[in-house]
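For reference, query_27.pdb is printed below; it contains PDB, C-alpha atoms.
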ATOM      1  CA  MET A   1    -225.615  79.230-149.844
ATOM      2  CA  GLU A   2    -224.827  79.656-153.516
ATOM      3  CA  PRO A   3    -226.341  82.386-155.684
ATOM      4  CA  HIS A   4    -229.252  81.245-157.865
ATOM      5  CA  GLN A   5    -229.646  78.095-155.802
ATOM      6  CA  GLN A   6    -233.388  78.409-156.078
ATOM      7  CA  LEU A   7    -233.241  77.731-159.819
ATOM      8  CA  CYS A   8    -232.041  74.196-159.422
ATOM      9  CA  PRO A   9    -235.419  72.446-159.603
ATOM     10  CA  LYS A  10    -235.824  74.018-163.025
ATOM     11  CA  PHE A  11    -232.523  72.938-164.318
ATOM     12  CA  GLU A  12    -232.975  69.495-162.848
ATOM     13  CA  ALA A  13    -236.111  69.352-164.988
ATOM     14  CA  ALA A  14    -233.974  70.331-167.981
ATOM     15  CA  PHE A  15    -231.404  67.651-167.128
ATOM     16  CA  ARG A  16    -234.155  65.065-166.718
ATOM     17  CA  LEU A  17    -235.458  65.897-170.172
ATOM     18  CA  LEU A  18    -232.003  65.821-171.743
ATOM     19  CA  GLY A  19    -231.104  62.667-169.835
ATOM     20  CA  LYS A  20    -233.772  60.570-171.525
ATOM     21  CA  ARG A  21    -232.344  58.209-174.053
ATOM     22  CA  TRP A  22    -231.940  59.843-177.509
ATOM     23  CA  SER A  23    -233.118  63.315-176.466
ATOM     24  CA  GLY A  24    -229.629  64.805-176.424
ATOM     25  CA  LEU A  25    -228.806  63.195-179.735
ATOM     26  CA  ILE A  26    -232.037  64.424-181.361
ATOM     27  CA  ILE A  27    -231.282  67.987-180.230
ATOM     28  CA  GLN A  28    -227.697  67.723-181.406
ATOM     29  CA  VAL A  29    -228.720  66.531-184.887
ATOM     30  CA  MET A  30    -231.267  69.354-185.097
ATOM     31  CA  MET A  31    -228.702  72.033-184.207
ATOM     32  CA  SER A  32    -227.776  72.119-187.922
ATOM     33  CA  GLY A  33    -231.318  73.048-188.988
ATOM     34  CA  PRO A  34    -234.840  71.666-189.585
ATOM     35  CA  LYS A  35    -235.065  67.931-190.155
ATOM     36  CA  ARG A  36    -237.662  65.519-191.483
ATOM     37  CA  PHE A  37    -238.551  62.455-189.444
ATOM     38  CA  LYS A  38    -236.673  60.188-191.870
ATOM     39  CA  GLU A  39    -233.522  62.328-191.628
ATOM     40  CA  LEU A  40    -233.607  62.103-187.850
ATOM     41  CA  SER A  41    -234.196  58.357-187.796
ATOM     42  CA  GLU A  42    -231.364  57.822-190.286
ATOM     43  CA  ALA A  43    -228.954  60.048-188.350
ATOM     44  CA  ILE A  44    -229.630  58.322-185.042
ATOM     45  CA  ASN A  45    -228.586  54.698-185.016
ATOM     46  CA  GLY A  46    -230.779  52.323-183.093
ATOM     47  CA  VAL A  47    -233.807  54.467-182.297
ATOM     48  CA  SER A  48    -237.178  52.960-183.235
ATOM     49  CA  ASP A  49    -239.798  55.063-185.016
ATOM     50  CA  ARG A  50    -242.100  54.641-182.026
ATOM     51  CA  VAL A  51    -239.564  55.951-179.524
ATOM     52  CA  LEU A  52    -238.408  58.746-181.842
ATOM     53  CA  THR A  53    -242.043  59.883-182.209
ATOM     54  CA  GLU A  54    -242.437  59.828-178.427
ATOM     55  CA  ARG A  55    -239.250  61.874-177.818
ATOM     56  CA  LEU A  56    -240.209  64.433-180.479
ATOM     57  CA  LYS A  57    -243.573  64.889-178.771
ATOM     58  CA  GLU A  58    -241.936  65.346-175.363
ATOM     59  CA  LEU A  59    -239.487  67.896-176.749
ATOM     60  CA  GLU A  60    -242.325  69.698-178.519
ATOM     61  CA  GLU A  61    -244.344  69.822-175.274
ATOM     62  CA  ALA A  62    -241.281  71.204-173.491
ATOM     63  CA  GLY A  63    -241.040  73.974-176.074
ATOM     64  CA  ILE A  64    -237.663  72.767-177.350
ATOM     65  CA  LEU A  65    -238.832  72.105-180.913
ATOM     66  CA  VAL A  66    -241.770  72.722-183.220
ATOM     67  CA  ARG A  67    -243.365  70.410-185.735
ATOM     68  CA  ARG A  68    -244.202  72.163-189.003
ATOM     69  CA  VAL A  69    -246.606  70.749-191.553
ATOM     70  CA  TYR A  70    -246.245  72.049-195.125
ATOM     71  CA  PRO A  71    -249.417  71.358-197.153
ATOM     72  CA  GLU A  72    -247.653  70.097-200.252
ATOM     73  CA  THR A  73    -248.258  66.893-202.154
ATOM     74  CA  PRO A  74    -247.060  64.728-200.559
ATOM     75  CA  VAL A  75    -247.317  66.610-197.300
ATOM     76  CA  ARG A  76    -243.959  67.667-195.870
ATOM     77  CA  ILE A  77    -243.374  67.611-192.116
ATOM     78  CA  GLU A  78    -240.302  69.110-190.522
ATOM     79  CA  TYR A  79    -239.052  69.415-186.988
ATOM     80  CA  GLU A  80    -237.132  72.506-185.991
ATOM     81  CA  LEU A  81    -235.605  73.685-182.744
ATOM     82  CA  THR A  82    -237.210  76.747-181.222
ATOM     83  CA  GLU A  83    -235.048  79.610-179.977
ATOM     84  CA  LYS A  84    -235.228  77.901-176.570
ATOM     85  CA  GLY A  85    -233.982  74.710-178.216
ATOM     86  CA  TYR A  86    -231.137  76.329-180.144
ATOM     87  CA  ASP A  87    -230.159  78.091-176.944
ATOM     88  CA  LEU A  88    -229.211  74.702-175.466
ATOM     89  CA  ARG A  89    -226.108  74.773-177.657
ATOM     90  CA  ALA A  90    -223.879  76.024-174.821
ATOM     91  CA  VAL A  91    -225.213  73.349-172.458
ATOM     92  CA  MET A  92    -224.620  70.633-175.048
ATOM     93  CA  GLN A  93    -221.123  71.903-175.768
ATOM     94  CA  ALA A  94    -220.132  72.164-172.099
ATOM     95  CA  THR A  95    -221.425  68.646-171.424
ATOM     96  CA  GLN A  96    -219.763  67.346-174.557
ATOM     97  CA  LYS A  97    -216.462  68.785-173.404
ATOM     98  CA  TRP A  98    -216.899  67.321-169.927
ATOM     99  CA  GLY A  99    -217.731  63.914-171.456
ATOM    100  CA  GLU A 100    -214.687  64.023-173.714
ATOM    101  CA  THR A 101    -212.436  64.817-170.766
ATOM    102  CA  TRP A 102    -213.814  62.290-168.315
ATOM    103  CA  PHE A 103    -215.029  59.226-170.222
TER     104      PHE A 103
ATOM    105  CA  MET B   1    -224.064  63.908-189.110
ATOM    106  CA  GLU B   2    -222.654  66.128-186.404
ATOM    107  CA  PRO B   3    -219.113  65.860-185.093
ATOM    108  CA  HIS B   4    -218.780  63.924-181.827
ATOM    109  CA  GLN B   5    -222.229  62.445-182.283
ATOM    110  CA  GLN B   6    -220.939  59.159-180.926
ATOM    111  CA  LEU B   7    -220.361  60.705-177.506
ATOM    112  CA  CYS B   8    -224.018  61.277-176.840
ATOM    113  CA  PRO B   9    -224.730  58.088-174.909
ATOM    114  CA  LYS B  10    -222.061  59.209-172.452
ATOM    115  CA  PHE B  11    -223.446  62.639-171.976
ATOM    116  CA  GLU B  12    -226.948  61.292-171.742
ATOM    117  CA  ALA B  13    -225.602  59.258-168.821
ATOM    118  CA  ALA B  14    -224.242  62.495-167.332
ATOM    119  CA  PHE B  15    -227.594  64.232-167.845
ATOM    120  CA  ARG B  16    -229.417  61.298-166.272
ATOM    121  CA  LEU B  17    -227.227  61.554-163.203
ATOM    122  CA  LEU B  18    -227.607  65.328-162.951
ATOM    123  CA  GLY B  19    -231.327  65.082-163.676
ATOM    124  CA  LYS B  20    -232.067  63.106-160.522
ATOM    125  CA  ARG B  21    -233.732  65.170-157.865
ATOM    126  CA  TRP B  22    -231.214  67.062-155.654
ATOM    127  CA  SER B  23    -228.091  65.930-157.531
ATOM    128  CA  GLY B  24    -227.569  69.252-159.298
ATOM    129  CA  LEU B  25    -228.149  71.140-156.078
ATOM    130  CA  ILE B  26    -225.740  68.925-154.115
ATOM    131  CA  ILE B  27    -223.032  69.517-156.723
ATOM    132  CA  GLN B  28    -223.733  73.224-156.777
ATOM    133  CA  VAL B  29    -223.441  73.549-152.987
ATOM    134  CA  MET B  30    -220.182  71.555-153.067
ATOM    135  CA  MET B  31    -218.633  73.830-155.721
ATOM    136  CA  SER B  32    -217.544  76.137-152.878
ATOM    137  CA  GLY B  33    -215.519  73.401-151.165
ATOM    138  CA  PRO B  34    -215.770  70.272-148.956
ATOM    139  CA  LYS B  35    -218.940  69.935-146.931
ATOM    140  CA  ARG B  36    -220.101  67.836-143.991
ATOM    141  CA  PHE B  37    -223.368  65.937-144.238
ATOM    142  CA  LYS B  38    -225.085  68.385-141.886
ATOM    143  CA  GLU B  39    -223.947  71.371-143.953
ATOM    144  CA  LEU B  40    -225.385  69.795-147.085
ATOM    145  CA  SER B  41    -228.689  68.879-145.482
ATOM    146  CA  GLU B  42    -229.041  72.395-144.051
ATOM    147  CA  ALA B  43    -228.194  74.061-147.366
ATOM    148  CA  ILE B  44    -230.693  71.979-149.324
ATOM    149  CA  ASN B  45    -234.261  72.601-148.268
ATOM    150  CA  GLY B  46    -236.541  69.602-148.284
ATOM    151  CA  VAL B  47    -234.134  66.727-148.832
ATOM    152  CA  SER B  48    -234.415  63.863-146.321
ATOM    153  CA  ASP B  49    -231.292  62.354-144.757
ATOM    154  CA  ARG B  50    -232.111  59.033-146.434
ATOM    155  CA  VAL B  51    -232.324  60.518-149.927
ATOM    156  CA  LEU B  52    -229.272  62.750-149.387
ATOM    157  CA  THR B  53    -227.266  59.666-148.325
ATOM    158  CA  GLU B  54    -228.456  57.827-151.445
ATOM    159  CA  ARG B  55    -227.525  60.694-153.799
ATOM    160  CA  LEU B  56    -224.106  61.111-152.186
ATOM    161  CA  LYS B  57    -223.448  57.394-152.757
ATOM    162  CA  GLU B  58    -224.517  57.615-156.399
ATOM    163  CA  LEU B  59    -222.317  60.649-156.999
ATOM    164  CA  GLU B  60    -219.422  58.908-155.240
ATOM    165  CA  GLU B  61    -219.887  55.810-157.431
ATOM    166  CA  ALA B  62    -219.926  58.036-160.513
ATOM    167  CA  GLY B  63    -216.604  59.532-159.462
ATOM    168  CA  ILE B  64    -218.090  63.007-158.976
ATOM    169  CA  LEU B  65    -217.246  63.253-155.286
ATOM    170  CA  VAL B  66    -215.247  61.546-152.569
ATOM    171  CA  ARG B  67    -216.147  60.852-148.969
ATOM    172  CA  ARG B  68    -213.292  61.516-146.591
ATOM    173  CA  VAL B  69    -213.183  60.172-143.053
ATOM    174  CA  TYR B  70    -210.922  61.994-140.594
ATOM    175  CA  PRO B  71    -210.152  59.815-137.549
ATOM    176  CA  GLU B  72    -210.691  62.512-134.977
ATOM    177  CA  THR B  73    -212.836  62.395-131.873
ATOM    178  CA  PRO B  74    -215.634  62.679-132.776
ATOM    179  CA  VAL B  75    -214.936  61.348-136.252
ATOM    180  CA  ARG B  76    -215.237  63.978-138.988
ATOM    181  CA  ILE B  77    -216.637  63.047-142.387
ATOM    182  CA  GLU B  78    -216.501  65.386-145.363
ATOM    183  CA  TYR B  79    -217.672  65.173-148.929
ATOM    184  CA  GLU B  80    -215.619  66.846-151.621
ATOM    185  CA  LEU B  81    -215.976  67.095-155.374
ATOM    186  CA  THR B  82    -213.280  65.319-157.350
ATOM    187  CA  GLU B  83    -211.572  67.094-160.245
ATOM    188  CA  LYS B  84    -214.217  65.422-162.464
ATOM    189  CA  GLY B  85    -216.893  66.900-160.224
ATOM    190  CA  TYR B  86    -215.457  70.418-160.094
ATOM    191  CA  ASP B  87    -215.120  70.230-163.870
ATOM    192  CA  LEU B  88    -218.928  70.204-164.122
ATOM    193  CA  ARG B  89    -218.894  73.898-163.275
ATOM    194  CA  ALA B  90    -219.202  74.950-166.935
ATOM    195  CA  VAL B  91    -222.108  72.530-167.478
ATOM    196  CA  MET B  92    -223.891  73.825-164.398
ATOM    197  CA  GLN B  93    -223.314  77.433-165.406
ATOM    198  CA  ALA B  94    -224.499  76.926-168.994
ATOM    199  CA  THR B  95    -227.632  75.143-167.765
ATOM    200  CA  GLN B  96    -228.202  77.774-165.115
ATOM    201  CA  LYS B  97    -228.040  80.480-167.764
ATOM    202  CA  TRP B  98    -230.422  78.558-170.020
ATOM    203  CA  GLY B  99    -232.840  78.085-167.113
ATOM    204  CA  GLU B 100    -232.701  81.776-166.203
ATOM    205  CA  THR B 101    -233.476  82.744-169.787
ATOM    206  CA  TRP B 102    -236.273  80.294-170.439
ATOM    207  CA  PHE B 103    -238.137  79.635-167.199
TER     208      PHE B 103
END
Do you think you could lay out the structure here as structure tokens?
Amino acid sequence: MEPHQQLCPKFEAAFRLLGKRWSGLIIQVMMSGPKRFKELSEAINGVSDRVLTERLKELEEAGILVRRVYPETPVRIEYELTEKGYDLRAVMQATQKWGETWF
Amino acid sequence: MEPHQQLCPKFEAAFRLLGKRWSGLIIQVMMSGPKRFKELSEAINGVSDRVLTERLKELEEAGILVRRVYPETPVRIEYELTEKGYDLRAVMQATQKWGETWF
């Protein structure tokens, strides 16, 4: 038996989240700081507004990002990774490196 | 735009694979060396033989592991991670660490 084996269901949940189309890319784009919806949709080729909205909601529910509403005129809405979200950097980098080596 | 952004579809594919139930755990158990089917099924609580067989096939098709048949009597069959599979160690460890911190 491996140490920490009992944690696997949790990290499978993390992988499932990250494995959904666009989720990894959304997180990667947000690693550089808060983004508006339009910035995300422009940075990510091929994602529809409907699907991007859906993914942002899922990531918000998972505690990976927060949606901030600034009561300006016009209202400004930004999405920002939480500490939990930013902390995925090492996972993203390790997977990135694996992908670069093996694909 | 982030560097390497174009790789994301590939690592989303990796995350999808790892996000399937039991896959992460199978890989983790195999990190310590080749395993027989019975060793895997005993190490992983709750997985049925049917589902374990299915996951092993998927991981074999993805080039993560190989199935070796030794023509002994009785025949011996072992599953072993490929170099590509063993190279997931850093991904597993980073995700493990993230899971330990945030769950």
> Mind telling me what the PyMOL selection byres ((chain B) within 10 of (chain A)) catches here, as a PyMOL selection string?
Replying inline: chain B and resi 1-26+28-32+39-40+42-45+63+83-85+87-103
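CA of Gly46 in chain B lies 24.7 Å from CA of Arg68 in chain B.
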Got a sec to align chain B on chain A by every in-order Cα pair and hand back the fitted coordinates as a PDB file with C-alpha atoms, in the coordinates of the input?
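As written to disk, part-v3.pdb reads:
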ATOM      1  CA  MET B   1    -225.613  79.199-149.840  1.00  0.00           C
ATOM      2  CA  GLU B   2    -224.795  79.642-153.497  1.00  0.00           C
ATOM      3  CA  PRO B   3    -226.303  82.342-155.680  1.00  0.00           C
ATOM      4  CA  HIS B   4    -229.218  81.181-157.842  1.00  0.00           C
ATOM      5  CA  GLN B   5    -229.611  78.062-155.743  1.00  0.00           C
ATOM      6  CA  GLN B   6    -233.366  78.395-156.049  1.00  0.00           C
ATOM      7  CA  LEU B   7    -233.201  77.731-159.784  1.00  0.00           C
ATOM      8  CA  CYS B   8    -232.032  74.179-159.383  1.00  0.00           C
ATOM      9  CA  PRO B   9    -235.414  72.465-159.565  1.00  0.00           C
ATOM     10  CA  LYS B  10    -235.818  74.051-162.991  1.00  0.00           C
ATOM     11  CA  PHE B  11    -232.506  72.927-164.287  1.00  0.00           C
ATOM     12  CA  GLU B  12    -232.990  69.502-162.815  1.00  0.00           C
ATOM     13  CA  ALA B  13    -236.121  69.393-164.974  1.00  0.00           C
ATOM     14  CA  ALA B  14    -233.964  70.365-167.965  1.00  0.00           C
ATOM     15  CA  PHE B  15    -231.416  67.666-167.105  1.00  0.00           C
ATOM     16  CA  ARG B  16    -234.185  65.099-166.715  1.00  0.00           C
ATOM     17  CA  LEU B  17    -235.468  65.925-170.172  1.00  0.00           C
ATOM     18  CA  LEU B  18    -232.005  65.841-171.739  1.00  0.00           C
ATOM     19  CA  GLY B  19    -231.117  62.698-169.801  1.00  0.00           C
ATOM     20  CA  LYS B  20    -233.780  60.595-171.500  1.00  0.00           C
ATOM     21  CA  ARG B  21    -232.364  58.228-174.046  1.00  0.00           C
ATOM     22  CA  TRP B  22    -231.946  59.847-177.512  1.00  0.00           C
ATOM     23  CA  SER B  23    -233.107  63.331-176.478  1.00  0.00           C
ATOM     24  CA  GLY B  24    -229.612  64.821-176.427  1.00  0.00           C
ATOM     25  CA  LEU B  25    -228.797  63.209-179.745  1.00  0.00           C
ATOM     26  CA  ILE B  26    -232.032  64.431-181.357  1.00  0.00           C
ATOM     27  CA  ILE B  27    -231.279  67.988-180.232  1.00  0.00           C
ATOM     28  CA  GLN B  28    -227.702  67.724-181.404  1.00  0.00           C
ATOM     29  CA  VAL B  29    -228.709  66.537-184.887  1.00  0.00           C
ATOM     30  CA  MET B  30    -231.277  69.358-185.107  1.00  0.00           C
ATOM     31  CA  MET B  31    -228.694  72.034-184.219  1.00  0.00           C
ATOM     32  CA  SER B  32    -227.765  72.138-187.923  1.00  0.00           C
ATOM     33  CA  GLY B  33    -231.306  73.057-188.991  1.00  0.00           C
ATOM     34  CA  PRO B  34    -234.831  71.661-189.587  1.00  0.00           C
ATOM     35  CA  LYS B  35    -235.053  67.934-190.159  1.00  0.00           C
ATOM     36  CA  ARG B  36    -237.659  65.518-191.488  1.00  0.00           C
ATOM     37  CA  PHE B  37    -238.547  62.443-189.464  1.00  0.00           C
ATOM     38  CA  LYS B  38    -236.668  60.185-191.881  1.00  0.00           C
ATOM     39  CA  GLU B  39    -233.528  62.324-191.642  1.00  0.00           C
ATOM     40  CA  LEU B  40    -233.611  62.084-187.861  1.00  0.00           C
ATOM     41  CA  SER B  41    -234.193  58.345-187.800  1.00  0.00           C
ATOM     42  CA  GLU B  42    -231.358  57.800-190.290  1.00  0.00           C
ATOM     43  CA  ALA B  43    -228.952  60.034-188.366  1.00  0.00           C
ATOM     44  CA  ILE B  44    -229.630  58.315-185.050  1.00  0.00           C
ATOM     45  CA  ASN B  45    -228.564  54.696-185.032  1.00  0.00           C
ATOM     46  CA  GLY B  46    -230.767  52.328-183.100  1.00  0.00           C
ATOM     47  CA  VAL B  47    -233.788  54.469-182.294  1.00  0.00           C
ATOM     48  CA  SER B  48    -237.162  52.953-183.243  1.00  0.00           C
ATOM     49  CA  ASP B  49    -239.790  55.052-185.022  1.00  0.00           C
ATOM     50  CA  ARG B  50    -242.090  54.641-182.014  1.00  0.00           C
ATOM     51  CA  VAL B  51    -239.542  55.958-179.519  1.00  0.00           C
ATOM     52  CA  LEU B  52    -238.394  58.753-181.855  1.00  0.00           C
ATOM     53  CA  THR B  53    -242.037  59.876-182.221  1.00  0.00           C
ATOM     54  CA  GLU B  54    -242.423  59.834-178.429  1.00  0.00           C
ATOM     55  CA  ARG B  55    -239.250  61.884-177.829  1.00  0.00           C
ATOM     56  CA  LEU B  56    -240.200  64.420-180.499  1.00  0.00           C
ATOM     57  CA  LYS B  57    -243.572  64.888-178.771  1.00  0.00           C
ATOM     58  CA  GLU B  58    -241.931  65.359-175.374  1.00  0.00           C
ATOM     59  CA  LEU B  59    -239.476  67.899-176.764  1.00  0.00           C
ATOM     60  CA  GLU B  60    -242.326  69.691-178.545  1.00  0.00           C
ATOM     61  CA  GLU B  61    -244.338  69.826-175.298  1.00  0.00           C
ATOM     62  CA  ALA B  62    -241.287  71.213-173.503  1.00  0.00           C
ATOM     63  CA  GLY B  63    -241.043  73.984-176.080  1.00  0.00           C
ATOM     64  CA  ILE B  64    -237.669  72.768-177.369  1.00  0.00           C
ATOM     65  CA  LEU B  65    -238.846  72.117-180.916  1.00  0.00           C
ATOM     66  CA  VAL B  66    -241.766  72.717-183.241  1.00  0.00           C
ATOM     67  CA  ARG B  67    -243.362  70.416-185.772  1.00  0.00           C
ATOM     68  CA  ARG B  68    -244.203  72.160-189.013  1.00  0.00           C
ATOM     69  CA  VAL B  69    -246.612  70.744-191.567  1.00  0.00           C
ATOM     70  CA  TYR B  70    -246.279  72.024-195.135  1.00  0.00           C
ATOM     71  CA  PRO B  71    -249.448  71.325-197.155  1.00  0.00           C
ATOM     72  CA  GLU B  72    -247.690  70.083-200.245  1.00  0.00           C
ATOM     73  CA  THR B  73    -248.303  66.893-202.167  1.00  0.00           C
ATOM     74  CA  PRO B  74    -247.089  64.714-200.585  1.00  0.00           C
ATOM     75  CA  VAL B  75    -247.339  66.587-197.303  1.00  0.00           C
ATOM     76  CA  ARG B  76    -243.969  67.637-195.878  1.00  0.00           C
ATOM     77  CA  ILE B  77    -243.383  67.599-192.132  1.00  0.00           C
ATOM     78  CA  GLU B  78    -240.303  69.114-190.530  1.00  0.00           C
ATOM     79  CA  TYR B  79    -239.060  69.420-186.995  1.00  0.00           C
ATOM     80  CA  GLU B  80    -237.135  72.514-186.005  1.00  0.00           C
ATOM     81  CA  LEU B  81    -235.599  73.683-182.757  1.00  0.00           C
ATOM     82  CA  THR B  82    -237.217  76.753-181.246  1.00  0.00           C
ATOM     83  CA  GLU B  83    -235.051  79.621-180.009  1.00  0.00           C
ATOM     84  CA  LYS B  84    -235.235  77.910-176.580  1.00  0.00           C
ATOM     85  CA  GLY B  85    -233.981  74.726-178.208  1.00  0.00           C
ATOM     86  CA  TYR B  86    -231.141  76.327-180.165  1.00  0.00           C
ATOM     87  CA  ASP B  87    -230.162  78.097-176.953  1.00  0.00           C
ATOM     88  CA  LEU B  88    -229.205  74.709-175.479  1.00  0.00           C
ATOM     89  CA  ARG B  89    -226.108  74.763-177.662  1.00  0.00           C
ATOM     90  CA  ALA B  90    -223.879  76.017-174.823  1.00  0.00           C
ATOM     91  CA  VAL B  91    -225.232  73.338-172.459  1.00  0.00           C
ATOM     92  CA  MET B  92    -224.630  70.624-175.030  1.00  0.00           C
ATOM     93  CA  GLN B  93    -221.135  71.894-175.762  1.00  0.00           C
ATOM     94  CA  ALA B  94    -220.150  72.167-172.089  1.00  0.00           C
ATOM     95  CA  THR B  95    -221.444  68.648-171.423  1.00  0.00           C
ATOM     96  CA  GLN B  96    -219.765  67.340-174.544  1.00  0.00           C
ATOM     97  CA  LYS B  97    -216.462  68.787-173.376  1.00  0.00           C
ATOM     98  CA  TRP B  98    -216.925  67.307-169.904  1.00  0.00           C
ATOM     99  CA  GLY B  99    -217.735  63.910-171.428  1.00  0.00           C
ATOM    100  CA  GLU B 100    -214.686  64.035-173.698  1.00  0.00           C
ATOM    101  CA  THR B 101    -212.449  64.823-170.739  1.00  0.00           C
ATOM    102  CA  TRP B 102    -213.820  62.284-168.305  1.00  0.00           C
ATOM    103  CA  PHE B 103    -215.040  59.246-170.225  1.00  0.00           C
TER     104      PHE B 103
END
> Which residue gives the smallest distance to Leu59 in chain B among B:Leu81, B:Tyr86, B:Pro71, B:Lys35, with only C-alpha atoms counted?
Replying inline: B:Leu81
>> To one decimal place in Å, what is the distance between CA of Val66 in chain B and CA of Ser41 in chain B?
In response: 16.9 Å
Kindly list the centre and edge lengths in Å, rounded to one decimal, for the axis-aligned box that covers all listed atoms of range 17-20 of chain B plus 5 Å on each of its six sides, as AutoDock Vina command-line options.
--center_x -229.6 --center_y 63.4 --center_z -162.1 --size_x 14.8 --size_y 13.8 --size_z 13.2
